[in-house]
$ cat upload-v8.csv   # CSV, C-alpha atoms and all ligand atoms
chain,number,residue,atom,x,y,z
A,1,MET,CA,-119.6,-50.6,140.0
A,2,PRO,CA,-120.9,-47.2,141.2
A,3,LEU,CA,-120.8,-46.7,145.0
A,4,ASP,CA,-124.2,-46.6,146.7
A,5,LEU,CA,-124.6,-43.1,147.9
A,6,SER,CA,-128.2,-43.5,149.1
A,7,PHE,CA,-127.0,-44.0,152.7
A,8,GLU,CA,-129.4,-45.2,155.2
A,9,ARG,CA,-129.6,-43.4,158.6
A,10,PRO,CA,-127.4,-45.0,161.2
A,11,PRO,CA,-129.1,-47.1,164.0
A,12,PRO,CA,-130.5,-45.3,167.0
A,13,LEU,CA,-127.3,-45.5,169.0
A,14,PHE,CA,-126.5,-42.2,167.4
A,15,ALA,CA,-128.1,-39.0,168.7
A,16,VAL,CA,-127.8,-35.4,167.8
A,17,HIS,CA,-128.3,-32.8,170.5
A,18,THR,CA,-128.3,-29.2,169.6
A,19,ALA,CA,-126.1,-27.7,172.3
A,20,THR,CA,-126.0,-24.1,171.2
A,21,SER,CA,-127.5,-22.4,168.2
A,22,SER,CA,-128.0,-18.9,167.1
A,23,PRO,CA,-130.6,-17.8,164.6
A,24,GLY,CA,-129.5,-18.0,161.0
A,25,ASP,CA,-130.8,-14.5,160.3
A,26,GLU,CA,-128.2,-12.7,162.3
A,27,PRO,CA,-126.2,-10.1,160.4
A,28,ARG,CA,-123.4,-11.8,158.6
A,29,VAL,CA,-119.9,-10.3,158.2
A,30,PRO,CA,-119.4,-9.2,154.6
A,31,VAL,CA,-116.6,-11.1,152.9
A,32,GLU,CA,-115.0,-7.9,151.8
A,33,ALA,CA,-114.7,-6.7,155.4
A,34,PRO,CA,-111.0,-6.3,156.3
A,35,ALA,CA,-109.6,-9.2,158.3
A,36,PRO,CA,-108.8,-8.4,162.0
A,37,GLU,CA,-105.4,-6.9,162.3
A,38,HIS,CA,-103.7,-9.8,164.0
A,39,TYR,CA,-104.6,-12.1,161.1
A,40,VAL,CA,-103.1,-9.7,158.6
A,41,ALA,CA,-99.9,-9.8,160.6
A,42,ASP,CA,-100.0,-13.6,161.0
A,43,LEU,CA,-100.7,-14.2,157.3
A,44,MET,CA,-97.6,-12.3,156.3
A,45,SER,CA,-95.5,-15.1,157.6
A,46,GLU,CA,-95.2,-18.5,155.9
A,47,PRO,CA,-97.7,-21.1,157.0
A,48,THR,CA,-96.4,-23.7,159.4
A,49,ASP,CA,-94.7,-26.6,157.5
A,50,VAL,CA,-97.0,-29.6,156.9
A,51,THR,CA,-94.3,-31.9,155.7
A,52,PHE,CA,-94.8,-34.3,158.6
A,53,SER,CA,-98.6,-34.5,158.4
A,54,ARG,CA,-98.4,-34.8,154.6
A,55,ALA,CA,-95.9,-37.7,154.9
A,56,THR,CA,-98.0,-39.4,157.6
A,57,SER,CA,-101.2,-39.1,155.5
A,58,ASP,CA,-99.4,-40.3,152.4
A,59,ARG,CA,-98.3,-43.4,154.3
A,60,VAL,CA,-101.8,-44.3,155.6
A,61,ALA,CA,-103.8,-43.3,152.5
A,62,ALA,CA,-104.0,-46.8,151.1
A,63,ALA,CA,-105.6,-48.0,154.4
A,64,TRP,CA,-108.0,-45.1,154.3
A,65,GLU,CA,-109.0,-46.1,150.8
A,66,ARG,CA,-109.4,-49.8,151.8
A,67,TYR,CA,-111.6,-48.8,154.8
A,68,ARG,CA,-113.2,-45.8,153.2
A,69,ASP,CA,-116.7,-47.2,153.6
A,70,ARG,CA,-116.5,-48.0,157.3
A,71,ILE,CA,-114.7,-44.8,158.0
A,72,PHE,CA,-117.4,-42.7,156.4
A,73,ARG,CA,-120.3,-44.7,157.8
A,74,GLY,CA,-118.8,-44.5,161.3
A,75,GLN,CA,-119.5,-40.8,161.4
A,76,GLN,CA,-122.1,-40.6,158.6
A,77,GLN,CA,-124.6,-38.7,160.7
A,78,LEU,CA,-122.0,-35.9,161.3
A,79,SER,CA,-121.4,-35.7,157.5
A,80,GLU,CA,-125.1,-35.5,156.8
A,81,TRP,CA,-125.5,-32.8,159.4
A,82,MET,CA,-122.6,-30.9,157.9
A,83,VAL,CA,-123.9,-31.1,154.3
A,84,ASP,CA,-127.4,-30.1,155.4
A,85,SER,CA,-125.9,-27.1,157.2
A,86,VAL,CA,-124.0,-26.0,154.1
A,87,ASP,CA,-127.2,-26.7,152.1
A,88,PRO,CA,-125.6,-27.1,148.6
A,89,LYS,CA,-127.7,-26.0,145.7
A,90,PRO,CA,-127.5,-26.6,142.0
A,91,GLY,CA,-124.9,-24.4,140.3
A,92,GLN,CA,-123.0,-23.6,143.5
A,93,THR,CA,-119.3,-24.3,144.4
A,94,VAL,CA,-118.5,-26.2,147.6
A,95,LEU,CA,-114.9,-26.6,148.9
A,96,GLU,CA,-114.0,-29.6,151.1
A,97,LEU,CA,-110.8,-29.3,153.1
A,98,ALA,CA,-108.8,-32.2,154.5
A,99,ALA,CA,-111.2,-34.5,152.6
A,100,GLY,CA,-109.3,-37.7,153.0
A,101,PRO,CA,-110.9,-40.2,150.6
A,102,GLY,CA,-113.7,-37.7,150.0
A,103,GLU,CA,-117.0,-39.2,151.0
A,104,THR,CA,-118.4,-36.2,152.9
A,105,GLY,CA,-117.9,-33.9,150.0
A,106,PHE,CA,-119.4,-36.5,147.6
A,107,LEU,CA,-122.7,-36.2,149.5
A,108,ALA,CA,-122.6,-32.5,148.6
A,109,ALA,CA,-121.6,-33.1,145.0
A,110,ALA,CA,-124.8,-34.9,144.2
A,111,ARG,CA,-126.8,-31.8,145.5
A,112,LEU,CA,-124.8,-29.4,143.4
A,113,GLU,CA,-126.0,-30.8,140.1
A,114,PRO,CA,-126.7,-29.5,137.6
A,115,GLY,CA,-124.0,-26.9,137.0
A,116,GLY,CA,-122.3,-26.9,140.4
A,117,ARG,CA,-119.0,-28.4,141.5
A,118,LEU,CA,-117.2,-29.7,144.5
A,119,ILE,CA,-113.5,-28.9,145.0
A,120,SER,CA,-112.2,-31.8,147.0
A,121,THR,CA,-108.8,-31.1,148.6
A,122,ASP,CA,-106.3,-32.6,151.1
A,123,VAL,CA,-102.7,-31.8,152.0
A,124,SER,CA,-101.8,-35.4,151.0
A,125,ASP,CA,-101.4,-36.3,147.3
A,126,ALA,CA,-102.2,-39.9,148.1
A,127,MET,CA,-105.4,-39.0,149.9
A,128,VAL,CA,-106.4,-36.8,146.9
A,129,ALA,CA,-105.7,-39.7,144.6
A,130,ALA,CA,-107.9,-41.9,146.7
A,131,ALA,CA,-110.7,-39.4,146.6
A,132,ARG,CA,-110.4,-39.2,142.8
A,133,ARG,CA,-110.8,-42.9,142.5
A,134,GLY,CA,-113.7,-42.8,144.9
A,135,ALA,CA,-115.5,-40.2,142.8
A,136,GLU,CA,-114.9,-42.2,139.7
A,137,ALA,CA,-116.3,-45.3,141.2
A,138,ALA,CA,-119.4,-43.3,142.4
A,139,GLY,CA,-119.9,-41.9,138.9
A,140,LEU,CA,-119.5,-38.3,140.0
A,141,THR,CA,-118.4,-36.0,137.2
A,142,ASN,CA,-118.6,-32.6,138.9
A,143,VAL,CA,-115.7,-32.9,141.3
A,144,GLU,CA,-112.3,-31.2,141.0
A,145,PHE,CA,-109.4,-32.6,143.0
A,146,ARG,CA,-106.5,-30.5,144.3
A,147,THR,CA,-103.7,-31.0,146.8
A,148,MET,CA,-104.1,-28.1,149.2
A,149,ASP,CA,-103.0,-27.0,152.7
A,150,ALA,CA,-105.9,-25.6,154.7
A,151,GLN,CA,-103.6,-22.9,156.0
A,152,ALA,CA,-103.1,-21.6,152.5
A,153,ILE,CA,-106.2,-22.0,150.4
A,154,ASP,CA,-105.3,-21.5,146.8
A,155,LEU,CA,-108.7,-19.9,145.8
A,156,ARG,CA,-109.9,-16.4,145.1
A,157,ASP,CA,-111.6,-14.3,147.8
A,158,ALA,CA,-115.4,-15.0,148.1
A,159,SER,CA,-115.2,-17.8,145.5
A,160,VAL,CA,-117.0,-20.6,147.2
A,161,ASP,CA,-120.6,-21.0,148.5
A,162,GLY,CA,-119.9,-23.5,151.2
A,163,ILE,CA,-117.0,-25.2,153.0
A,164,LEU,CA,-116.9,-28.7,154.6
A,165,CYS,CA,-114.1,-30.1,156.8
A,166,ARG,CA,-114.7,-33.4,158.7
A,167,PHE,CA,-112.0,-34.2,161.3
A,168,GLY,CA,-109.3,-32.1,159.7
A,169,LEU,CA,-109.0,-28.7,161.5
A,170,MET,CA,-107.6,-30.3,164.6
A,171,PHE,CA,-104.6,-31.5,162.6
A,172,VAL,CA,-103.7,-28.1,161.1
A,173,PRO,CA,-100.8,-26.5,163.0
A,174,GLU,CA,-101.9,-22.9,162.6
A,175,ARG,CA,-105.6,-23.1,163.0
A,176,ALA,CA,-106.2,-19.3,163.2
A,177,ARG,CA,-104.7,-19.1,159.7
A,178,ALA,CA,-107.0,-21.8,158.4
A,179,PHE,CA,-110.1,-20.1,159.9
A,180,ALA,CA,-109.0,-16.8,158.4
A,181,GLU,CA,-108.5,-18.5,155.0
A,182,MET,CA,-111.9,-20.2,155.1
A,183,ARG,CA,-113.5,-16.8,155.9
A,184,ARG,CA,-111.6,-15.2,153.0
A,185,VAL,CA,-112.7,-17.7,150.3
A,186,LEU,CA,-116.3,-18.1,151.6
A,187,ARG,CA,-118.8,-15.8,149.9
A,188,ARG,CA,-121.1,-13.5,151.9
A,189,GLY,CA,-123.9,-15.7,153.4
A,190,GLY,CA,-122.1,-19.0,152.6
A,191,ARG,CA,-121.8,-21.5,155.3
A,192,LEU,CA,-118.9,-23.4,156.8
A,193,ALA,CA,-119.6,-26.7,158.5
A,194,TYR,CA,-117.0,-28.9,160.2
A,195,GLY,CA,-116.6,-31.8,162.6
A,196,VAL,CA,-114.1,-32.3,165.4
A,197,TRP,CA,-113.6,-34.9,168.1
A,198,GLY,CA,-115.0,-34.1,171.6
A,199,PRO,CA,-113.0,-34.8,174.8
A,200,PRO,CA,-111.1,-38.0,175.3
A,201,ASP,CA,-113.3,-39.4,178.1
A,202,ARG,CA,-116.2,-39.5,175.5
A,203,ASN,CA,-114.0,-41.2,172.8
A,204,PRO,CA,-112.8,-44.5,174.2
A,205,TRP,CA,-112.6,-45.9,170.6
A,206,LEU,CA,-109.5,-43.7,170.3
A,207,THR,CA,-108.2,-43.4,173.8
A,208,HIS,CA,-108.2,-47.1,174.6
A,209,LEU,CA,-105.8,-48.0,171.8
A,210,VAL,CA,-103.5,-45.2,172.8
A,211,LEU,CA,-103.6,-46.1,176.5
A,212,ALA,CA,-102.8,-49.7,175.7
A,213,ILE,CA,-99.8,-48.6,173.8
A,214,VAL,CA,-98.7,-46.2,176.5
A,215,GLN,CA,-99.2,-48.9,179.2
A,216,HIS,CA,-96.5,-50.9,177.4
A,217,GLY,CA,-94.0,-48.0,177.6
A,218,HIS,CA,-94.3,-46.5,174.2
A,219,GLN,CA,-95.0,-42.9,173.5
A,220,LEU,CA,-96.9,-41.3,170.6
A,221,PRO,CA,-95.5,-38.0,169.3
A,222,GLY,CA,-97.2,-34.7,170.0
A,223,ASP,CA,-99.6,-33.3,172.6
A,224,PRO,CA,-103.2,-34.6,171.9
A,225,PHE,CA,-104.6,-31.3,173.2
A,226,ALA,CA,-102.3,-28.9,171.2
A,227,ALA,CA,-102.8,-27.8,167.6
A,228,GLY,CA,-102.1,-30.9,165.5
A,229,GLY,CA,-103.6,-33.2,168.2
A,230,PRO,CA,-106.9,-35.1,167.9
A,231,PHE,CA,-108.5,-33.3,170.9
A,232,SER,CA,-107.2,-29.8,170.1
A,233,LEU,CA,-110.7,-28.5,169.2
A,234,ALA,CA,-112.7,-30.6,171.7
A,235,ALA,CA,-113.9,-27.6,173.7
A,236,PRO,CA,-116.9,-25.8,172.3
A,237,ASP,CA,-115.6,-22.4,173.6
A,238,ASP,CA,-112.3,-22.8,171.7
A,239,ASN,CA,-114.3,-23.3,168.5
A,240,ARG,CA,-116.5,-20.3,169.2
A,241,ALA,CA,-113.4,-18.2,169.9
A,242,MET,CA,-111.6,-19.3,166.8
A,243,LEU,CA,-114.7,-18.5,164.6
A,244,ASP,CA,-115.3,-15.2,166.3
A,245,ALA,CA,-111.7,-14.1,165.8
A,246,ALA,CA,-111.8,-15.0,162.1
A,247,GLY,CA,-115.1,-13.0,161.6
A,248,PHE,CA,-117.6,-15.8,161.4
A,249,ASN,CA,-121.0,-15.5,163.1
A,250,SER,CA,-124.4,-17.3,163.3
A,251,VAL,CA,-122.5,-20.2,165.0
A,252,GLU,CA,-124.3,-23.5,165.6
A,253,LEU,CA,-122.8,-26.3,167.5
A,254,VAL,CA,-124.2,-29.8,167.9
A,255,GLU,CA,-123.0,-32.8,169.9
A,256,ILE,CA,-123.1,-36.2,168.1
A,257,ASP,CA,-122.9,-39.4,170.0
A,258,GLY,CA,-122.1,-42.5,168.1
A,259,ALA,CA,-120.1,-45.7,168.2
A,260,GLN,CA,-117.4,-47.5,166.3
A,261,ARG,CA,-118.2,-51.1,165.8
A,262,TYR,CA,-115.7,-53.9,165.5
A,263,ASP,CA,-116.3,-57.7,165.1
A,264,SER,CA,-113.3,-58.5,167.3
A,265,VAL,CA,-110.3,-57.0,169.0
A,266,ASP,CA,-108.2,-58.1,166.0
A,267,GLU,CA,-110.4,-56.1,163.7
A,268,TYR,CA,-110.2,-53.0,166.0
A,269,TRP,CA,-106.4,-53.4,166.1
A,270,ASP,CA,-106.1,-53.9,162.3
A,271,VAL,CA,-108.3,-51.0,161.3
A,272,GLN,CA,-107.0,-48.4,163.8
A,273,THR,CA,-103.3,-49.2,163.6
A,274,ALA,CA,-103.6,-49.0,159.8
A,275,ILE,CA,-105.4,-45.6,159.5
A,276,SER,CA,-104.1,-43.6,162.5
A,277,GLY,CA,-100.8,-42.1,161.1
A,278,PRO,CA,-98.7,-41.8,164.3
A,279,VAL,CA,-99.9,-45.2,165.6
A,280,ALA,CA,-99.2,-46.8,162.2
A,281,VAL,CA,-95.7,-45.5,162.3
A,282,LEU,CA,-95.1,-46.7,165.9
A,283,VAL,CA,-96.6,-50.1,165.5
A,284,ASP,CA,-94.7,-50.8,162.2
A,285,GLY,CA,-91.5,-50.5,164.2
A,286,LEU,CA,-92.5,-52.9,166.9
A,287,PRO,CA,-91.8,-56.7,167.0
A,288,ALA,CA,-94.8,-59.0,166.6
A,289,GLU,CA,-94.7,-60.2,170.2
A,290,GLU,CA,-94.9,-56.7,171.5
A,291,CYS,CA,-97.9,-56.0,169.3
A,292,ALA,CA,-99.5,-59.2,170.6
A,293,ALA,CA,-98.9,-58.0,174.2
A,294,ILE,CA,-100.4,-54.6,173.5
A,295,LYS,CA,-103.4,-56.2,171.9
A,296,GLU,CA,-103.9,-58.4,174.9
A,297,THR,CA,-104.0,-55.3,177.1
A,298,LEU,CA,-106.4,-53.7,174.7
A,299,ALA,CA,-108.7,-56.7,174.8
A,300,SER,CA,-109.1,-56.4,178.6
A,301,MET,CA,-109.7,-52.6,178.3
A,302,VAL,CA,-112.5,-53.0,175.8
A,303,GLU,CA,-114.2,-55.8,177.5
A,304,PRO,CA,-116.9,-53.5,179.0
A,305,PHE,CA,-117.9,-52.6,175.4
A,306,ARG,CA,-118.5,-56.1,174.2
A,307,THR,CA,-122.0,-56.7,172.7
A,308,ASP,CA,-124.3,-59.7,173.1
A,309,ALA,CA,-123.5,-60.6,169.5
A,310,GLY,CA,-119.8,-60.9,170.5
A,311,GLY,CA,-118.5,-57.8,168.8
A,312,TYR,CA,-117.6,-54.4,170.3
A,313,GLU,CA,-119.2,-51.0,170.3
A,314,LEU,CA,-116.9,-48.2,171.4
A,315,PRO,CA,-118.5,-44.8,172.0
A,316,THR,CA,-117.6,-41.8,169.9
A,317,PHE,CA,-118.4,-38.2,170.6
A,318,ALA,CA,-118.0,-35.5,168.0
A,319,LEU,CA,-118.9,-31.8,167.7
A,320,GLY,CA,-120.5,-30.5,164.6
A,321,VAL,CA,-119.9,-26.8,164.1
A,322,ALA,CA,-121.4,-24.5,161.5
A,323,ALA,CA,-121.0,-20.8,160.9
A,324,SER,CA,-121.4,-18.1,158.3
B,401,LIG,C1,-108.7,-37.8,160.2
B,401,LIG,S1,-108.4,-37.5,158.5
B,401,LIG,C2,-110.1,-37.1,158.0
B,401,LIG,C3,-110.4,-37.4,156.6
B,401,LIG,C4,-111.8,-37.2,156.1
B,401,LIG,N1,-112.2,-35.8,156.2
B,401,LIG,C5,-112.8,-38.0,157.0
B,401,LIG,O1,-113.5,-37.4,157.8
B,401,LIG,O2,-112.9,-39.2,156.8
B,401,LIG,C6,-107.6,-36.0,158.5
B,401,LIG,C7,-107.2,-35.5,157.1
B,401,LIG,O3,-106.7,-34.2,157.3
B,401,LIG,C8,-105.6,-34.0,156.3
B,401,LIG,N2,-104.8,-32.9,156.7
B,401,LIG,C9,-103.9,-32.8,157.8
B,401,LIG,N3,-103.4,-31.6,157.8
B,401,LIG,C10,-103.9,-30.9,156.8
B,401,LIG,C11,-103.7,-29.5,156.3
B,401,LIG,N4,-102.9,-28.7,156.9
B,401,LIG,N5,-104.4,-29.1,155.3
B,401,LIG,C12,-105.3,-30.0,154.6
B,401,LIG,N6,-105.5,-31.2,155.0
B,401,LIG,C13,-104.8,-31.7,156.1
B,401,LIG,C14,-104.9,-35.4,156.3
B,401,LIG,O4,-104.1,-35.6,155.2
B,401,LIG,C15,-106.1,-36.3,156.4
B,401,LIG,O5,-106.6,-36.7,155.2
$ encode --input "upload-v8.csv" --output "structure tokens" --more "lines below"
Ligand SMILES: C[S@@+](CC[C@H](N)C(=O)[O-])C[C@H]1O[C@@H](n2cnc3c(N)ncnc32)[C@H](O)[C@@H]1O
Amino acid sequence: MPLDLSFERPPPLFAVHTATSSPGDEPRVPVEAPAPEHYVADLMSEPTDVTFSRATSDRVAAAWERYRDRIFRGQQQLSEWMVDSVDPKPGQTVLELAAGPGETGFLAAARLEPGGRLISTDVSDAMVAAARRGAEAAGLTNVEFRTMDAQAIDLRDASVDGILCRFGLMFVPERARAFAEMRRVLRRGGRLAYGVWGPPDRNPWLTHLVLAIVQHGHQLPGDPFAAGGPFSLAAPDDNRAMLDAAGFNSVELVEIDGAQRYDSVDEYWDVQTAISGPVAVLVDGLPAEECAAIKETLASMVEPFRTDAGGYELPTFALGVAAS
């Protein structure tokens, strides 16, 4: 049965605030302009290996597919803002990077008809396969699927009219390379729109689970604020600097408040430990009684977010960024 892509607006808990914007009619950098010198130097080396992130994503892709609807809807307003920013038109080509199961790009695909196409990509074969099945279920016929590292985009210069990337760029080890690659393949006047998580204190849906795990003496790999970590692009100025250095301009940045909703702590635990790669790996290796103890700690931590109906609403805070 085709997926319903006529999404309703999320409830009023969500709010979009335009934090900074610059007029869309600023001069845009021609695509054929030479890349800044330091990128030319950087790009001569091999991109940082993505074996670990690929393997982790392959491992959790089935859960992403199982929960595709709730994952998408949890940040649907960001996706809609991104697609509106790119403003896909019939006949155009839009690239989605780090697409996961693909829903954000699917919103654009419908707007590219007739004659246009979406190139849906991810570094993980299993995620790409999940996206392919999602498009088939939705009856979309103008989507091409490719496994691709955002650090090495396998497309010609100036070959796409728009680029989307929801919650992917934080996980790319060499982001400067990814931004330079996006600039290279985006045609003059085309728009990039992406989403990243804001700071941890505004994202208890993510931090509380991790804190509960840490409180029981377990450590997750990596620095959450360094490239590859979920908060590595949480600061607006870092995004502006990255875009500026890659030759993007007309930058717009919005803040999107939202919430993740769970019926119970069990549901929160089941969903998040299944879809978050490093957490899934760690939790898989723990005995059941240890998981139960962590869950108990988690339950007391999320008590302030309990709703009258008995479920939980944990705040989320994302940044939407667009540039040309
Ligand atoms: C948090 S998920 C987001 C998925 C989807 N965009 C969404 O918003 O639901 C991050 C995705 O980034 C992908 N990813 C990680 N590193 C990548 C890279 N270097 N190039 C392309 N995709 C990457 C992962 O495989 C994963 O599917």
$ residues_around --input "upload-v8.csv" --residues "Glu181 of chain A" --least-positions-apart "2" --cutoff "10 Å" --atoms "only C-alpha atoms" --output "NGL selection string"
:A and (35 or 39 or 43 or 150-155 or 157 or 175-179 or 183-186 or 246)
$ atom_distance --input "upload-v8.csv" --atom1 "atom CA of Gln75 of chain A" --atom2 "atom CA of Pro221 of chain A"
25.4 Å
$ closest_atom_pairs --input "upload-v8.csv" --of "chain A" --to "ligand LIG 401 (chain B)" --cutoff "7 Å" --atoms "all atoms listed in the file" --output "JSON lines"
{"residue": "A:Val50", "atom": "CA", "partner": "B:LIG401", "partner_atom": "N4", "distance": 6.0}
{"residue": "A:Ser53", "atom": "CA", "partner": "B:LIG401", "partner_atom": "C9", "distance": 5.6}
{"residue": "A:Arg54", "atom": "CA", "partner": "B:LIG401", "partner_atom": "O4", "distance": 5.8}
{"residue": "A:Ser57", "atom": "CA", "partner": "B:LIG401", "partner_atom": "O4", "distance": 4.6}
{"residue": "A:Ile71", "atom": "CA", "partner": "B:LIG401", "partner_atom": "O2", "distance": 6.0}
{"residue": "A:Phe72", "atom": "CA", "partner": "B:LIG401", "partner_atom": "O2", "distance": 5.7}
{"residue": "A:Leu97", "atom": "CA", "partner": "B:LIG401", "partner_atom": "C12", "distance": 5.7}
{"residue": "A:Ala98", "atom": "CA", "partner": "B:LIG401", "partner_atom": "N6", "distance": 3.5}
{"residue": "A:Ala99", "atom": "CA", "partner": "B:LIG401", "partner_atom": "N1", "distance": 4.0}
{"residue": "A:Gly100", "atom": "CA", "partner": "B:LIG401", "partner_atom": "O5", "distance": 3.6}
{"residue": "A:Pro101", "atom": "CA", "partner": "B:LIG401", "partner_atom": "C4", "distance": 6.3}
{"residue": "A:Gly102", "atom": "CA", "partner": "B:LIG401", "partner_atom": "C4", "distance": 6.4}
{"residue": "A:Asp122", "atom": "CA", "partner": "B:LIG401", "partner_atom": "N6", "distance": 4.2}
{"residue": "A:Val123", "atom": "CA", "partner": "B:LIG401", "partner_atom": "C12", "distance": 4.1}
{"residue": "A:Ser124", "atom": "CA", "partner": "B:LIG401", "partner_atom": "O4", "distance": 4.8}
{"residue": "A:Met127", "atom": "CA", "partner": "B:LIG401", "partner_atom": "O5", "distance": 5.9}
{"residue": "A:Met148", "atom": "CA", "partner": "B:LIG401", "partner_atom": "C12", "distance": 5.8}
{"residue": "A:Asp149", "atom": "CA", "partner": "B:LIG401", "partner_atom": "N5", "distance": 3.6}
{"residue": "A:Ala150", "atom": "CA", "partner": "B:LIG401", "partner_atom": "N5", "distance": 3.9}
{"residue": "A:Gln151", "atom": "CA", "partner": "B:LIG401", "partner_atom": "N4", "distance": 5.9}
{"residue": "A:Cys165", "atom": "CA", "partner": "B:LIG401", "partner_atom": "N1", "distance": 6.0}
{"residue": "A:Arg166", "atom": "CA", "partner": "B:LIG401", "partner_atom": "O1", "distance": 4.3}
{"residue": "A:Phe167", "atom": "CA", "partner": "B:LIG401", "partner_atom": "C2", "distance": 4.8}
{"residue": "A:Gly168", "atom": "CA", "partner": "B:LIG401", "partner_atom": "O3", "distance": 4.1}
{"residue": "A:Phe171", "atom": "CA", "partner": "B:LIG401", "partner_atom": "N3", "distance": 4.9}
{"residue": "A:Val172", "atom": "CA", "partner": "B:LIG401", "partner_atom": "N4", "distance": 4.3}
{"residue": "A:Pro173", "atom": "CA", "partner": "B:LIG401", "partner_atom": "N4", "distance": 6.8}
$ atom_distance --input "upload-v8.csv" --atom1 "atom CA of Pro114 of chain A" --atom2 "atom CA of Asp69 of chain A"
25.9 Å
$ atom_distance --input "upload-v8.csv" --atom1 "atom CA of Leu164 of chain A" --atom2 "atom CA of Ser324 of chain A"
12.1 Å
$ closest_residue --input "upload-v8.csv" --among "A:Glu144, A:Asp84, A:Asp161, A:Asp223" --to "Arg188 of chain A" --atoms "only C-alpha atoms"
A:Asp161
$ residues_around --input "upload-v8.csv" --residues "segment 92-95 of chain A" --least-positions-apart "2" --cutoff "7 Å" --atoms "only C-alpha atoms" --output "JSON list (two decimals) with C-alpha atoms, in the frame of the given file"
[["chain", "number", "residue", "atom", "x", "y", "z"],
["A", 88, "PRO", "CA", -125.60, -27.10, 148.60],
["A", 89, "LYS", "CA", -127.70, -26.00, 145.70],
["A", 90, "PRO", "CA", -127.50, -26.60, 142.00],
["A", 97, "LEU", "CA", -110.80, -29.30, 153.10],
["A", 112, "LEU", "CA", -124.80, -29.40, 143.40],
["A", 116, "GLY", "CA", -122.30, -26.90, 140.40],
["A", 117, "ARG", "CA", -119.00, -28.40, 141.50],
["A", 118, "LEU", "CA", -117.20, -29.70, 144.50],
["A", 119, "ILE", "CA", -113.50, -28.90, 145.00],
["A", 120, "SER", "CA", -112.20, -31.80, 147.00],
["A", 160, "VAL", "CA", -117.00, -20.60, 147.20],
["A", 161, "ASP", "CA", -120.60, -21.00, 148.50],
["A", 162, "GLY", "CA", -119.90, -23.50, 151.20],
["A", 163, "ILE", "CA", -117.00, -25.20, 153.00],
["A", 164, "LEU", "CA", -116.90, -28.70, 154.60]]
$ residues_around --input "upload-v8.csv" --residues "Ala292 of chain A" --least-positions-apart "5" --cutoff "12 Å" --atoms "all atoms listed in the file" --output "PDB file with C-alpha atoms, in the frame of the given file"
ATOM      1  CA  ALA A 212    -102.800 -49.700 175.700  1.00  0.00           C
ATOM      2  CA  ILE A 213     -99.800 -48.600 173.800  1.00  0.00           C
ATOM      3  CA  HIS A 216     -96.500 -50.900 177.400  1.00  0.00           C
ATOM      4  CA  VAL A 265    -110.300 -57.000 169.000  1.00  0.00           C
ATOM      5  CA  ASP A 266    -108.200 -58.100 166.000  1.00  0.00           C
ATOM      6  CA  TRP A 269    -106.400 -53.400 166.100  1.00  0.00           C
ATOM      7  CA  ASP A 270    -106.100 -53.900 162.300  1.00  0.00           C
ATOM      8  CA  VAL A 283     -96.600 -50.100 165.500  1.00  0.00           C
ATOM      9  CA  LEU A 286     -92.500 -52.900 166.900  1.00  0.00           C
ATOM     10  CA  PRO A 287     -91.800 -56.700 167.000  1.00  0.00           C
ATOM     11  CA  THR A 297    -104.000 -55.300 177.100  1.00  0.00           C
ATOM     12  CA  LEU A 298    -106.400 -53.700 174.700  1.00  0.00           C
ATOM     13  CA  ALA A 299    -108.700 -56.700 174.800  1.00  0.00           C
TER      14      ALA A 299
END
